[in-house]
Amino acid sequence: MVSRGEYLTGLCLAEYLDADFVDASWVIRFHYDGSIDLDKSQELLKAQVDPGRRVVIPGFYGSLPNGVIKVMSRGGSDITGSIVANAFDVDVYENWTDVSGFYVADPRIIKDPVQIPRITYSELRQMSYMGENVLHDDAFFPVRQKNIPINVCNTNHPENPGTMIMNDCSELDAQEPPHVITGITGKQDFTVITMVKSHVSAEAGFLRKVLAVFEKFQISIESVPVTVDTFSIVVQTKKIERYLYEIVAELKQDLHLDDIQVESQQAMLAVVGRAMRQMPKAIYQQFISEERVER
């Protein structure tokens, strides 16, 4: 039922455009574990799609090997387009959406942020992981495999060039140097557990013991800041809140800590930029800017 909106819209659009309609369930194949079977999808696409004709393929869903329809997560149509682009070795994958590409900061938070003209796959992966959600995270892999650029454009403003996502921007950067900072993004709702112990950074095996406790509870870790006497673990609050007291108790018992502190309602910020390596003062200048804002 969930996939029928895409299916019926695809039928209507194909008739309007006088195009061939190809049902996604015929050509987009999943493994039984839910992952995309890219090789099989390529085979089916090449067998059923005439590249010389205009074609409409619904996004957002495909089928399991037994023919059962499987839908993707929100924004899954981005992945469908990426798979098709990969199968036919296109020059560029245009992804039309409701925003003009990517911005240096979230326009819902910062008024009139600067639009990013081009960005590397690596930079965008980092920004997407930290909360940038213009393009589905899994849409990168099929096109990156064949070095196909993605052009994210705005359906409501087609004259805007949008943002070009490329594997390597160095050639264009040489003609037009990029901003020092490509983008700033962040995520909320983290918990930081800070362990205090004298000379902890010099204690061999300490990190392994800490990670073993979190592995026992099947909790992935976001970041591990370390100083000479402190060792912090940053995790998503929703993943740890159920087991927090048990984890703290085990850490105290296994690691013989001097102290342990827990801070919730924390946020993480990511500052991404491929030109930052060539500018030693980049982080210092950022701190100065933040100080001015506070004043």
# chains A, B, ... in the order shown; residues from 1 in each chain; ligands from 1
call {"tool": "select_by_dssp", "arguments": {"residues": "segment 13-108 of chain A", "states": "helix (DSSP H, G or I)", "output": "PyMOL selection string"}}
result
chain A and resi 13-17+24-27+38-48+77-87
call {"tool": "residues_around", "arguments": {"residues": "Val143 of chain A", "least_positions_apart": "3", "cutoff": "9 Å", "atoms": "only C-alpha atoms", "output": "list of chain:residue names"}}
result
A:Ser82, A:Ile83, A:Ala85, A:Asn86, A:Asp89, A:Tyr93, A:Ala139, A:Phe140, A:Lys146, A:Asn147, A:Ile148, A:Pro149, A:Ile150
call {"tool": "residues_around", "arguments": {"residues": "Gly131 of chain A", "least_positions_apart": "6", "cutoff": "8 Å", "atoms": "only C-alpha atoms", "output": "VMD selection string"}}
result
chain A and resid 185 to 187
call {"tool": "residues_around", "arguments": {"residues": "segment 169-181 of chain A", "least_positions_apart": "3", "cutoff": "7 Å", "atoms": "only C-alpha atoms", "output": "list of chain:residue names"}}
result
A:Thr120, A:Met166, A:Val271, A:Val272, A:Gly273, A:Ala275, A:Met276
call {"tool": "closest_residue", "arguments": {"among": "A:Gln188, A:Thr97, A:Ser201, A:Gln42", "to": "Ala267 of chain A", "atoms": "only C-alpha atoms"}}
result
A:Gln188
call {"tool": "atom_distance", "arguments": {"atom1": "atom CA of Arg4 of chain A", "atom2": "atom CA of Leu64 of chain A"}}
result
16.5 Å
call {"tool": "atom_distance", "arguments": {"atom1": "atom CA of Ser223 of chain A", "atom2": "atom CA of Val114 of chain A"}}
result
28.7 Å
call {"tool": "residues_around", "arguments": {"residues": "Val248 of chain A", "least_positions_apart": "2", "cutoff": "10 Å", "atoms": "only C-alpha atoms", "output": "PyMOL selection string"}}
result
chain A and resi 193+195+213+243-246+250-253+260-262
call {"tool": "write_last_selection", "arguments": {"atoms": "all heavy atoms", "output": "CSV table (one decimal), in the first residue's frame"}}
result
chain,number,residue,atom,x,y,z
A,193,ILE,N,29.8,10.5,28.6
A,193,ILE,CA,30.3,9.8,29.9
A,193,ILE,C,31.8,10.1,30.0
A,193,ILE,O,32.6,9.7,29.1
A,193,ILE,CB,30.0,8.3,29.9
A,193,ILE,CG1,28.5,8.1,29.7
A,193,ILE,CG2,30.6,7.7,31.1
A,193,ILE,CD1,28.2,6.6,29.6
A,195,MET,N,35.2,9.7,32.1
A,195,MET,CA,35.9,8.9,33.2
A,195,MET,C,37.2,9.6,33.6
A,195,MET,O,38.0,10.1,32.7
A,195,MET,CB,36.2,7.5,32.6
A,195,MET,CG,35.0,6.7,32.4
A,195,MET,SD,35.2,5.4,31.1
A,195,MET,CE,34.8,6.5,29.7
A,213,VAL,N,32.8,-2.8,27.4
A,213,VAL,CA,31.5,-2.6,28.2
A,213,VAL,C,30.4,-2.1,27.3
A,213,VAL,O,29.3,-2.6,27.3
A,213,VAL,CB,31.8,-1.5,29.3
A,213,VAL,CG1,30.5,-1.2,30.0
A,213,VAL,CG2,32.8,-2.1,30.3
A,243,TYR,N,20.2,1.6,29.4
A,243,TYR,CA,21.3,0.8,30.1
A,243,TYR,C,22.3,1.7,30.9
A,243,TYR,O,23.3,1.2,31.3
A,243,TYR,CB,22.0,0.0,29.1
A,243,TYR,CG,21.2,-0.8,28.2
A,243,TYR,CD1,21.0,-0.4,26.8
A,243,TYR,CD2,20.5,-1.9,28.6
A,243,TYR,CE1,20.2,-1.1,25.9
A,243,TYR,CE2,19.7,-2.6,27.7
A,243,TYR,CZ,19.6,-2.2,26.4
A,243,TYR,OH,18.8,-2.9,25.5
A,244,LEU,N,22.0,3.0,31.0
A,244,LEU,CA,23.0,3.9,31.5
A,244,LEU,C,23.5,3.5,32.9
A,244,LEU,O,24.7,3.5,33.1
A,244,LEU,CB,22.4,5.4,31.6
A,244,LEU,CG,23.3,6.5,32.1
A,244,LEU,CD1,24.5,6.6,31.2
A,244,LEU,CD2,22.5,7.8,32.2
A,245,TYR,N,22.6,3.2,33.8
A,245,TYR,CA,23.1,2.9,35.2
A,245,TYR,C,23.9,1.6,35.2
A,245,TYR,O,24.9,1.6,35.9
A,245,TYR,CB,21.9,2.8,36.1
A,245,TYR,CG,21.2,4.1,36.3
A,245,TYR,CD1,19.9,4.3,35.8
A,245,TYR,CD2,21.8,5.1,37.0
A,245,TYR,CE1,19.3,5.5,36.0
A,245,TYR,CE2,21.1,6.3,37.2
A,245,TYR,CZ,19.9,6.5,36.7
A,245,TYR,OH,19.2,7.7,36.8
A,246,GLU,N,23.6,0.6,34.4
A,246,GLU,CA,24.4,-0.6,34.4
A,246,GLU,C,25.7,-0.3,33.8
A,246,GLU,O,26.7,-0.9,34.3
A,246,GLU,CB,23.6,-1.7,33.5
A,246,GLU,CG,22.4,-2.2,34.2
A,246,GLU,CD,21.1,-1.5,33.8
A,246,GLU,OE1,21.2,-0.3,33.4
A,246,GLU,OE2,20.0,-2.1,33.8
A,250,GLU,N,29.4,-0.8,35.7
A,250,GLU,CA,30.4,-1.7,35.2
A,250,GLU,C,31.7,-0.9,34.9
A,250,GLU,O,32.8,-1.5,35.1
A,250,GLU,CB,30.0,-2.4,33.9
A,250,GLU,CG,28.9,-3.4,34.1
A,250,GLU,CD,28.9,-4.5,33.1
A,250,GLU,OE1,29.9,-4.7,32.4
A,250,GLU,OE2,27.8,-5.2,33.0
A,251,LEU,N,31.6,0.3,34.4
A,251,LEU,CA,32.8,1.1,34.2
A,251,LEU,C,33.6,1.3,35.5
A,251,LEU,O,34.8,1.2,35.6
A,251,LEU,CB,32.5,2.4,33.5
A,251,LEU,CG,32.0,2.3,32.0
A,251,LEU,CD1,31.5,3.6,31.5
A,251,LEU,CD2,33.2,1.8,31.1
A,252,LYS,N,32.8,1.7,36.5
A,252,LYS,CA,33.4,1.9,37.8
A,252,LYS,C,34.1,0.7,38.3
A,252,LYS,O,35.2,0.7,38.9
A,252,LYS,CB,32.4,2.4,38.8
A,252,LYS,CG,31.9,3.8,38.7
A,252,LYS,CD,30.8,4.1,39.7
A,252,LYS,CE,30.4,5.6,39.7
A,252,LYS,NZ,29.4,5.9,40.7
A,253,GLN,N,33.5,-0.4,38.2
A,253,GLN,CA,34.0,-1.7,38.8
A,253,GLN,C,35.2,-2.2,38.0
A,253,GLN,O,36.2,-2.6,38.6
A,253,GLN,CB,32.9,-2.7,38.7
A,253,GLN,CG,33.3,-4.1,39.3
A,253,GLN,CD,32.2,-5.1,39.2
A,253,GLN,OE1,31.0,-4.8,39.3
A,253,GLN,NE2,32.5,-6.4,39.1
A,260,ILE,N,33.5,9.5,37.8
A,260,ILE,CA,32.8,9.4,36.5
A,260,ILE,C,31.7,10.4,36.5
A,260,ILE,O,31.0,10.6,37.4
A,260,ILE,CB,32.4,7.9,36.3
A,260,ILE,CG1,31.8,7.8,34.9
A,260,ILE,CG2,31.3,7.5,37.3
A,260,ILE,CD1,31.6,6.3,34.5
A,261,GLN,N,31.5,11.1,35.3
A,261,GLN,CA,30.5,12.1,35.2
A,261,GLN,C,29.7,11.8,33.9
A,261,GLN,O,30.2,11.4,32.9
A,261,GLN,CB,31.2,13.5,35.0
A,261,GLN,CG,32.1,13.8,36.2
A,261,GLN,CD,33.0,15.0,35.9
A,261,GLN,OE1,32.9,15.6,34.9
A,261,GLN,NE2,33.9,15.3,36.9
A,262,VAL,N,28.4,12.1,34.0
A,262,VAL,CA,27.5,11.9,32.9
A,262,VAL,C,26.8,13.2,32.6
A,262,VAL,O,26.2,13.8,33.5
A,262,VAL,CB,26.4,10.8,33.3
A,262,VAL,CG1,25.4,10.6,32.1
A,262,VAL,CG2,27.1,9.5,33.6
call {"tool": "residues_around", "arguments": {"residues": "Ala47 of chain A", "least_positions_apart": "6", "cutoff": "12 Å", "atoms": "only C-alpha atoms", "output": "mmCIF file with C-alpha atoms, in the first residue's frame"}}
result
data_model
loop_
_atom_site.group_PDB
_atom_site.id
_atom_site.type_symbol
_atom_site.label_atom_id
_atom_site.label_comp_id
_atom_site.auth_asym_id
_atom_site.auth_seq_id
_atom_site.Cartn_x
_atom_site.Cartn_y
_atom_site.Cartn_z
ATOM 1 C CA VAL A 22 8.921 0.610 -16.029
ATOM 2 C CA TRP A 26 10.714 -5.141 -12.127
ATOM 3 C CA VAL A 27 14.181 -3.589 -12.028
ATOM 4 C CA LYS A 40 21.011 -7.755 -10.188
ATOM 5 C CA SER A 41 19.385 -4.315 -10.469
ATOM 6 C CA ALA A 87 23.455 1.164 -14.636
ATOM 7 C CA PHE A 88 23.641 3.407 -17.704
#
call {"tool": "atom_distance", "arguments": {"atom1": "atom CA of Leu45 of chain A", "atom2": "atom CA of Val84 of chain A"}}
result
7.4 Å
call {"tool": "closest_residue", "arguments": {"among": "A:Gln236, A:Ser128, A:Thr80, A:Asn95", "to": "Pro142 of chain A", "atoms": "only C-alpha atoms"}}
result
A:Thr80
call {"tool": "closest_residue", "arguments": {"among": "A:Ile36, A:Ile184, A:Ile109, A:Leu11", "to": "Met268 of chain A", "atoms": "only C-alpha atoms"}}
result
A:Ile184
call {"tool": "select_by_dssp", "arguments": {"residues": "segment 80-266 of chain A", "states": "strand (DSSP E)", "output": "number ranges by chain"}}
result
A: 93-97, 102-103, 115-116, 118-120, 150-154, 163-166, 183-196, 230-236, 259-266
call {"tool": "residues_around", "arguments": {"residues": "Leu124 of chain A", "least_positions_apart": "5", "cutoff": "9 Å", "atoms": "only C-alpha atoms", "output": "list in words"}}
result
Ile119, Tyr129, Glu132, Ile165, Gly183 and Val272 of chain A
call {"tool": "closest_residue", "arguments": {"among": "A:Pro51, A:Pro107, A:Ile116, A:Asp78", "to": "Val90 of chain A", "atoms": "only C-alpha atoms"}}
result
A:Pro51
